[in-house]
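Below: target02.tsv (TSV, C-alpha atoms and all ligand atoms)
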chain	number	residue	atom	x	y	z
A	10	MET	CA	-85.58	20.12	186.89
A	11	THR	CA	-82.66	19.46	184.53
A	12	VAL	CA	-83.17	16.97	181.75
A	13	PRO	CA	-80.69	15.89	179.12
A	14	ASN	CA	-81.36	17.45	175.74
A	15	ASN	CA	-80.84	14.28	173.75
A	16	HIS	CA	-81.03	16.00	170.36
A	17	PRO	CA	-81.26	19.80	170.13
A	18	GLU	CA	-83.36	19.36	166.97
A	19	HIS	CA	-86.16	17.86	169.10
A	20	ASP	CA	-86.42	21.13	171.03
A	21	ARG	CA	-86.67	23.33	167.93
A	22	PRO	CA	-89.78	25.54	168.29
A	23	ILE	CA	-92.55	24.67	165.83
A	24	GLN	CA	-95.15	27.12	164.51
A	25	LEU	CA	-98.02	25.97	162.31
A	26	LYS	CA	-100.45	28.52	160.89
A	27	THR	CA	-104.00	28.13	159.62
A	28	GLN	CA	-106.56	30.73	158.58
A	29	ARG	CA	-107.68	31.50	162.14
A	30	LEU	CA	-105.15	29.77	164.35
A	31	LEU	CA	-101.54	29.61	165.41
A	32	ILE	CA	-100.43	26.19	166.63
A	33	ARG	CA	-97.07	26.40	168.34
A	34	THR	CA	-94.82	24.51	170.75
A	35	MET	CA	-96.18	24.77	174.29
A	36	LEU	CA	-94.16	26.79	176.81
A	37	GLU	CA	-94.27	26.60	180.59
A	38	THR	CA	-95.66	30.16	180.57
A	39	ASP	CA	-98.79	28.85	178.73
A	40	LEU	CA	-99.84	26.62	181.64
A	41	SER	CA	-102.04	29.08	183.53
A	42	ALA	CA	-103.94	30.05	180.34
A	43	ILE	CA	-104.48	26.37	179.47
A	44	PHE	CA	-105.56	25.61	183.04
A	45	ALA	CA	-108.18	28.41	182.82
A	46	CYS	CA	-109.25	27.35	179.32
A	47	TYR	CA	-109.98	23.77	180.45
A	48	ASP	CA	-111.86	24.83	183.58
A	49	HIS	CA	-115.10	23.08	182.60
A	50	PRO	CA	-116.14	19.55	183.61
A	51	GLU	CA	-117.13	18.56	180.03
A	52	VAL	CA	-113.56	19.02	178.79
A	53	GLY	CA	-112.33	16.14	180.94
A	54	LYS	CA	-115.48	14.04	180.77
A	55	TYR	CA	-113.95	11.31	178.57
A	56	THR	CA	-110.28	12.24	179.03
A	57	PRO	CA	-109.91	13.08	182.74
A	58	PRO	CA	-106.10	13.61	182.66
A	59	ILE	CA	-106.56	16.65	180.35
A	60	ARG	CA	-107.81	18.72	183.30
A	61	TRP	CA	-105.16	19.33	185.92
A	62	PRO	CA	-106.47	19.63	189.48
A	63	ASN	CA	-104.22	22.66	190.13
A	64	LEU	CA	-101.32	24.61	188.61
A	65	GLU	CA	-98.72	22.73	190.62
A	66	HIS	CA	-99.91	19.53	188.97
A	67	ALA	CA	-99.72	21.28	185.58
A	68	VAL	CA	-96.07	22.21	186.13
A	69	THR	CA	-95.19	18.63	187.13
A	70	TRP	CA	-97.02	17.34	184.05
A	71	TYR	CA	-95.21	19.87	181.83
A	72	HIS	CA	-91.74	18.78	183.01
A	73	ARG	CA	-92.60	15.12	182.50
A	74	ARG	CA	-93.79	15.93	178.98
A	75	ARG	CA	-90.54	17.91	178.37
A	76	VAL	CA	-88.55	14.71	178.95
A	77	ASP	CA	-90.49	13.09	176.09
A	78	VAL	CA	-90.16	16.21	173.90
A	79	LEU	CA	-86.40	16.38	174.37
A	80	ALA	CA	-86.09	12.67	173.63
A	81	GLY	CA	-88.06	13.10	170.39
A	82	ARG	CA	-90.99	11.06	171.69
A	83	ALA	CA	-93.52	13.93	171.72
A	84	LYS	CA	-94.45	17.27	170.14
A	85	GLN	CA	-96.71	19.27	172.46
A	86	PHE	CA	-98.68	22.15	170.96
A	87	VAL	CA	-100.87	24.95	172.21
A	88	ILE	CA	-103.63	26.29	169.93
A	89	ILE	CA	-104.04	30.07	169.86
A	90	SER	CA	-106.66	32.28	168.23
A	91	LYS	CA	-104.96	34.69	165.82
A	92	ASP	CA	-107.79	37.19	166.39
A	93	THR	CA	-107.59	37.44	170.16
A	94	GLY	CA	-104.23	35.86	171.03
A	95	ALA	CA	-106.09	33.64	173.51
A	96	VAL	CA	-105.23	30.01	174.16
A	97	ILE	CA	-108.19	27.93	172.93
A	98	GLY	CA	-106.81	24.40	173.23
A	99	THR	CA	-103.94	21.96	172.87
A	100	SER	CA	-102.83	19.15	170.60
A	101	VAL	CA	-100.08	16.57	170.94
A	102	LEU	CA	-98.18	13.95	169.00
A	103	PHE	CA	-96.93	11.42	171.55
A	104	ASN	CA	-95.46	7.92	171.63
A	105	ILE	CA	-93.55	8.98	168.50
A	106	ASP	CA	-91.74	5.91	167.24
A	107	ALA	CA	-89.07	6.87	164.70
A	108	THR	CA	-88.28	3.26	163.80
A	109	HIS	CA	-91.83	2.32	162.87
A	110	ARG	CA	-92.73	5.89	161.89
A	111	ASN	CA	-95.91	6.14	163.91
A	112	ALA	CA	-97.29	8.28	166.71
A	113	GLU	CA	-100.48	8.91	168.64
A	114	ILE	CA	-102.44	12.14	168.26
A	115	GLY	CA	-104.48	13.96	170.90
A	116	TYR	CA	-106.41	17.25	170.96
A	117	ALA	CA	-108.80	19.26	173.12
A	118	LEU	CA	-110.45	22.68	173.07
A	119	GLY	CA	-111.82	24.83	175.87
A	120	ARG	CA	-115.59	24.28	176.18
A	121	GLN	CA	-116.52	27.74	174.81
A	122	PHE	CA	-114.57	27.00	171.62
A	123	TRP	CA	-116.44	23.83	170.61
A	124	GLY	CA	-118.65	23.89	167.53
A	125	HIS	CA	-116.67	26.47	165.49
A	126	GLY	CA	-114.57	24.12	163.36
A	127	TYR	CA	-111.38	25.05	165.23
A	128	VAL	CA	-110.43	21.44	165.94
A	129	SER	CA	-110.58	20.60	162.22
A	130	GLU	CA	-108.29	23.50	161.38
A	131	ALA	CA	-105.80	22.82	164.16
A	132	VAL	CA	-105.64	19.04	163.88
A	133	SER	CA	-105.32	19.21	160.06
A	134	ALA	CA	-102.18	21.30	160.54
A	135	VAL	CA	-100.80	18.85	163.13
A	136	ILE	CA	-101.52	15.88	160.84
A	137	ASP	CA	-99.84	17.69	157.91
A	138	HIS	CA	-96.80	18.23	160.14
A	139	ALA	CA	-96.77	14.57	161.23
A	140	PHE	CA	-96.94	13.15	157.72
A	141	GLY	CA	-94.87	15.98	156.19
A	142	GLU	CA	-91.93	17.25	158.21
A	143	LEU	CA	-91.84	14.29	160.63
A	144	GLU	CA	-92.28	11.78	157.78
A	145	LEU	CA	-94.51	9.52	159.85
A	146	HIS	CA	-96.41	6.73	158.15
A	147	ARG	CA	-99.22	6.09	160.61
A	148	LEU	CA	-101.14	8.03	163.26
A	149	ASN	CA	-102.99	6.29	166.08
A	150	ALA	CA	-105.81	7.74	168.12
A	151	SER	CA	-107.59	6.18	171.07
A	152	ILE	CA	-110.80	7.53	172.51
A	153	ASP	CA	-113.59	6.59	174.87
A	154	PRO	CA	-116.31	5.12	172.58
A	155	ARG	CA	-118.87	7.44	174.26
A	156	ASN	CA	-116.93	10.46	172.99
A	157	PHE	CA	-119.14	10.98	169.92
A	158	ALA	CA	-117.68	14.41	169.02
A	159	SER	CA	-114.16	13.05	168.93
A	160	ASN	CA	-115.26	9.97	166.95
A	161	LYS	CA	-116.79	12.30	164.36
A	162	VAL	CA	-113.62	14.40	164.18
A	163	LEU	CA	-111.49	11.29	163.56
A	164	VAL	CA	-113.82	9.79	160.96
A	165	ARG	CA	-113.99	13.15	159.16
A	166	PHE	CA	-110.19	13.13	158.93
A	167	GLY	CA	-110.27	9.65	157.38
A	168	PHE	CA	-109.24	7.62	160.44
A	169	THR	CA	-110.46	4.01	160.42
A	170	HIS	CA	-111.96	2.56	163.58
A	171	GLU	CA	-109.85	-0.58	163.86
A	172	GLY	CA	-111.32	-2.05	167.01
A	173	THR	CA	-112.18	-1.57	170.63
A	174	THR	CA	-110.16	-2.80	173.55
A	175	ARG	CA	-112.54	-3.72	176.36
A	176	GLN	CA	-112.34	-2.31	179.88
A	177	SER	CA	-108.98	-0.67	179.23
A	178	TYR	CA	-109.12	2.24	181.67
A	179	PHE	CA	-110.22	2.50	185.27
A	180	ASP	CA	-111.84	5.83	185.98
A	181	ALA	CA	-114.26	7.01	188.66
A	182	GLY	CA	-114.73	3.48	189.96
A	183	LYS	CA	-115.49	1.92	186.56
A	184	PHE	CA	-113.62	0.25	183.72
A	185	THR	CA	-114.13	1.92	180.33
A	186	ASP	CA	-113.48	0.65	176.80
A	187	CYS	CA	-111.06	2.26	174.37
A	188	GLY	CA	-111.75	2.81	170.66
A	189	ILE	CA	-108.61	2.40	168.51
A	190	TYR	CA	-108.29	4.43	165.29
A	191	GLY	CA	-105.58	4.63	162.61
A	192	LEU	CA	-104.76	6.92	159.68
A	193	LEU	CA	-102.06	6.17	157.10
A	194	ALA	CA	-100.07	8.86	155.31
A	195	HIS	CA	-101.37	7.96	151.86
A	196	GLU	CA	-104.98	8.04	153.12
A	197	TRP	CA	-104.40	11.61	154.34
A	198	ARG	CA	-102.71	12.71	151.10
A	199	ASN	CA	-105.31	11.06	148.84
A	200	PRO	CA	-108.69	11.26	150.56
A	201	PRO	CA	-111.55	9.42	148.85
A	202	VAL	CA	-113.45	11.45	146.26
A	203	GLY	CA	-116.17	13.46	148.03
A	204	ALA	CA	-114.48	13.33	151.44
A	205	ASP	CA	-115.07	16.57	153.34
A	206	ARG	CA	-112.76	17.38	156.24
A	207	THR	CA	-114.71	20.45	157.32
A	208	PRO	CA	-117.40	20.10	160.01
A	209	SER	CA	-121.01	20.55	158.94
A	210	SER	CA	-121.46	23.07	161.76
A	211	GLY	CA	-118.11	24.89	161.65
B	301	LIG	C1	-113.24	16.58	170.64
B	301	LIG	C2	-113.43	18.09	170.53
B	301	LIG	C3	-112.06	18.75	170.29
B	301	LIG	C4	-114.36	18.38	169.37
B	301	LIG	O1	-114.45	19.78	169.21
B	301	LIG	P1	-115.73	20.45	168.50
B	301	LIG	O2	-115.44	21.87	168.28
B	301	LIG	O3	-116.95	20.09	169.28
B	301	LIG	O4	-115.72	19.67	167.13
B	301	LIG	P2	-116.76	19.84	165.96
B	301	LIG	O5	-117.57	21.10	166.14
B	301	LIG	O6	-116.02	19.64	164.71
B	301	LIG	O7	-117.78	18.66	166.28
B	301	LIG	C5	-117.48	17.37	165.93
B	301	LIG	C6	-118.75	16.68	165.41
B	301	LIG	O8	-119.35	15.98	166.51
B	301	LIG	C7	-120.71	16.33	166.61
B	301	LIG	N1	-121.05	16.21	168.01
B	301	LIG	C8	-120.70	17.03	169.01
B	301	LIG	N2	-121.20	16.53	170.19
B	301	LIG	C9	-121.86	15.40	169.88
B	301	LIG	C10	-122.61	14.45	170.64
B	301	LIG	N3	-122.73	14.56	171.96
B	301	LIG	N4	-123.17	13.40	169.99
B	301	LIG	C11	-123.03	13.24	168.65
B	301	LIG	N5	-122.33	14.11	167.88
B	301	LIG	C12	-121.77	15.18	168.50
B	301	LIG	C13	-120.80	17.72	166.02
B	301	LIG	O9	-122.10	18.01	165.56
B	301	LIG	C14	-119.82	17.61	164.85
B	301	LIG	O10	-120.45	16.93	163.77
B	301	LIG	P3	-120.08	17.22	162.22
B	301	LIG	O11	-118.71	16.68	162.01
B	301	LIG	O12	-121.12	16.47	161.45
B	301	LIG	O13	-120.15	18.70	162.05
B	301	LIG	C15	-114.05	18.69	171.81
B	301	LIG	O14	-115.27	18.05	172.03
B	301	LIG	C16	-113.16	18.52	173.04
B	301	LIG	O15	-112.24	19.31	173.27
B	301	LIG	N6	-113.44	17.51	173.90
B	301	LIG	C17	-112.68	17.28	175.11
B	301	LIG	C18	-111.34	16.64	174.85
B	301	LIG	C19	-111.45	15.36	174.06
B	301	LIG	O16	-112.37	14.59	174.24
B	301	LIG	N7	-110.46	15.14	173.16
B	301	LIG	C20	-110.44	13.96	172.29
B	301	LIG	C21	-109.67	12.86	172.86
B	301	LIG	S1	-107.96	12.97	172.34

Once you've parsed the file, please lay out its structure as structure tokens.
Ligand SMILES: CC(C)(COP(=O)(O)OP(=O)(O)OC[C@H]1O[C@@H](n2cnc3c(N)ncnc32)[C@H](O)[C@@H]1OP(=O)(O)O)[C@@H](O)C(=O)NCCC(=O)NCCS
Amino acid sequence: MTVPNNHPEHDRPIQLKTQRLLIRTMLETDLSAIFACYDHPEVGKYTPPIRWPNLEHAVTWYHRRRVDVLAGRAKQFVIISKDTGAVIGTSVLFNIDATHRNAEIGYALGRQFWGHGYVSEAVSAVIDHAFGELELHRLNASIDPRNFASNKVLVRFGFTHEGTTRQSYFDAGKFTDCGIYGLLAHEWRNPPVGADRTPSSG
């Protein structure tokens, strides 16, 4: 599939490093490792589209996402363990709006990597990138209100729960609500005294 490269700068590879992780631009060659990493029903419990039904679907998804990346509307990352070199998850900035300087953030880890504080490390680096290099002013996040782990992650980062849109998604024969969260650049740079962005269990 050929897509116009609207601005070569949008396709510049990004590498973010933390103590234990490398967070870099996703490549098509990562798809099979991500597919294997997310092969657990709990990973897609509240975000079904994260789990692709097969690799063919993953490739189609990847090329659709590339259109947004090349247009500057998304930055798609894969999260890798520095120790093992294994893919442990993904994160994304999408719906990037350069005019209003906002974007939506998403993240997921393979089931065996939950509970080790990896998401805090990885998402901190992605938020730093969003408010630093990309000069965004606001990050949005939307989650299923039953997704307690993700709610905790967002609150720990200083996101404010700004409301809930009722019956926003139709999944498995039911409508589900959507919790809307927002984080402003100055809230990230100047967290309240005593705020702790590390998980109690990590
Ligand atoms: C969201 C996700 C990345 C969190 O990863 P994680 O490694 O479990 O994160 P943490 O270990 O930091 O746990 C988050 C917190 O939720 C708590 N938690 C986990 N499961 C919980 C549950 N069922 N009920 C209440 N709290 C829960 C943890 O104890 C932890 O609390 P703490 O901050 O006080 O330490 C992971 O659950 C995931 O990949 N889920 C699937 C994808 C997804 O839902 N993505 C978010 C939507 S974009």

Quick one: which chain A residues come within 7 Å of ligand LIG 301 (chain B), and what is the nearest atom pair for each with the distance in Å to one decimal, counting all atoms listed in the file, rows ordered by chain and ascending number, as CSV?
residue,atom,partner,partner_atom,distance
A:Glu51,CA,B:LIG301,C17,6.8
A:Val52,CA,B:LIG301,C17,4.2
A:Gly53,CA,B:LIG301,C17,6.0
A:Tyr55,CA,B:LIG301,O16,5.7
A:Thr56,CA,B:LIG301,O16,5.7
A:Ile114,CA,B:LIG301,S1,6.9
A:Gly115,CA,B:LIG301,S1,3.9
A:Tyr116,CA,B:LIG301,S1,4.8
A:Ala117,CA,B:LIG301,O15,3.4
A:Leu118,CA,B:LIG301,O15,3.8
A:Gly119,CA,B:LIG301,O15,6.1
A:Arg120,CA,B:LIG301,O15,6.7
A:Phe122,CA,B:LIG301,O2,6.2
A:Trp123,CA,B:LIG301,O2,3.2
A:Gly124,CA,B:LIG301,O5,3.3
A:His125,CA,B:LIG301,O5,5.5
A:Gly126,CA,B:LIG301,O6,4.9
A:Tyr127,CA,B:LIG301,O2,6.0
A:Val128,CA,B:LIG301,C3,5.4
A:Ser129,CA,B:LIG301,O6,6.1
A:Ser151,CA,B:LIG301,S1,6.9
A:Ile152,CA,B:LIG301,C21,5.5
A:Asn156,CA,B:LIG301,O16,6.3
A:Phe157,CA,B:LIG301,C11,4.7
A:Ala158,CA,B:LIG301,O8,3.4
A:Ser159,CA,B:LIG301,C1,4.0
A:Lys161,CA,B:LIG301,C6,4.9
A:Val162,CA,B:LIG301,C5,5.2
A:Arg165,CA,B:LIG301,O11,6.5
A:Pro208,CA,B:LIG301,O13,3.7
A:Ser209,CA,B:LIG301,O13,3.7
A:Ser210,CA,B:LIG301,O13,4.6
A:Gly211,CA,B:LIG301,O5,5.9

Which protein, DNA or RNA residues are at most 12 Å from (-88.5, 6.7, 168.4) in the file's coordinates when you count all atoms listed in the file, listed as a PDB file with C-alpha atoms, in the frame of the given file?
ATOM      1  CA  HIS A  19     -86.160  17.860 169.100  1.00  0.00           C
ATOM      2  CA  ASP A  77     -90.490  13.090 176.090  1.00  0.00           C
ATOM      3  CA  VAL A  78     -90.160  16.210 173.900  1.00  0.00           C
ATOM      4  CA  LEU A  79     -86.400  16.380 174.370  1.00  0.00           C
ATOM      5  CA  ALA A  80     -86.090  12.670 173.630  1.00  0.00           C
ATOM      6  CA  GLY A  81     -88.060  13.100 170.390  1.00  0.00           C
ATOM      7  CA  ARG A  82     -90.990  11.060 171.690  1.00  0.00           C
ATOM      8  CA  ALA A  83     -93.520  13.930 171.720  1.00  0.00           C
ATOM      9  CA  PHE A 103     -96.930  11.420 171.550  1.00  0.00           C
ATOM     10  CA  ASN A 104     -95.460   7.920 171.630  1.00  0.00           C
ATOM     11  CA  ILE A 105     -93.550   8.980 168.500  1.00  0.00           C
ATOM     12  CA  ASP A 106     -91.740   5.910 167.240  1.00  0.00           C
ATOM     13  CA  ALA A 107     -89.070   6.870 164.700  1.00  0.00           C
ATOM     14  CA  THR A 108     -88.280   3.260 163.800  1.00  0.00           C
ATOM     15  CA  HIS A 109     -91.830   2.320 162.870  1.00  0.00           C
ATOM     16  CA  ARG A 110     -92.730   5.890 161.890  1.00  0.00           C
ATOM     17  CA  ASN A 111     -95.910   6.140 163.910  1.00  0.00           C
ATOM     18  CA  ALA A 112     -97.290   8.280 166.710  1.00  0.00           C
ATOM     19  CA  LEU A 143     -91.840  14.290 160.630  1.00  0.00           C
ATOM     20  CA  LEU A 145     -94.510   9.520 159.850  1.00  0.00           C
TER      21      LEU A 145
END

* Asked: Pick the closest to A:Trp70 from A:Tyr190, A:Asp48, A:Glu37, A:Ser90: which is it, counting only C-alpha atoms?
  ->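 Ranking A:Tyr190, A:Asp48, A:Glu37, A:Ser90 by distance to A:Trp70, first place goes to A:Glu37.
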
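Between atom CA of A:Arg147 and atom CA of A:Trp197 the separation is 9.8 Å.
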
* Structure fact -> Residue with the minimum atom-to-atom distance to A:Arg198, picked from A:Pro17, A:Gly167, A:Pro22, A:Pro58 with only C-alpha atoms counted, is A:Gly167

* Asked: Within 12 Å of A:Thr174, counting only C-alpha atoms, which residues qualify if same-chain residues fewer than 5 places away don't, as a PyMOL selection string?
  -> chain A and resi 151-154+184-190

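If only C-alpha atoms are the atoms counted, then among A:Lys26, A:His16, A:Arg21, A:His146 the closest residue to A:Ala134 is A:Lys26.
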
* Of the listed residues A:Thr99, A:Glu18, A:His49, A:Tyr71, that which approaches A:Arg33 most closely, counting all atoms listed in the file ->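 With all atoms listed in the file as the atom set, the closest residue is A:Thr99.
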
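When only C-alpha atoms are used to measure the gap to A:Ala45, the shortest distance among A:Phe86, A:Phe179, A:Phe166, A:Trp61 belongs to A:Trp61.
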
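Using all atoms listed in the file, the shortest contact distance between A:Val68 and any of A:Thr169, A:Thr38, A:Gln24, A:Ser177 is found at A:Thr38.
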
* To do: For A:Ala95, list every protein, DNA or RNA residue within 9 Å, evaluated using all atoms listed in the file, and leave out those in the same chain fewer than 6 positions away; present the list as a PyMOL selection string.
  => chain A and resi 42+88-89

Prev. selection, C-alpha atoms, output as an mmCIF file, keeping the file's coordinate frame:
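Saved to part_20.cif:
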data_model
loop_
_atom_site.group_PDB
_atom_site.id
_atom_site.type_symbol
_atom_site.label_atom_id
_atom_site.label_comp_id
_atom_site.auth_asym_id
_atom_site.auth_seq_id
_atom_site.Cartn_x
_atom_site.Cartn_y
_atom_site.Cartn_z
ATOM 1 C CA ALA A 42 -103.940 30.050 180.340
ATOM 2 C CA ILE A 88 -103.630 26.290 169.930
ATOM 3 C CA ILE A 89 -104.040 30.070 169.860
#

* How far is it from atom CA of A:Ser100 to atom CA of A:Met35, in Å with one decimal? ->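 Interatomic distance here is 9.5 Å.
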
* **Å distance separating atom CA of A:Ile23 from atom CA of A:Lys84, one decimal place** =>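 Result for atom CA of A:Ile23 versus atom CA of A:Lys84: 8.8 Å, one decimal.
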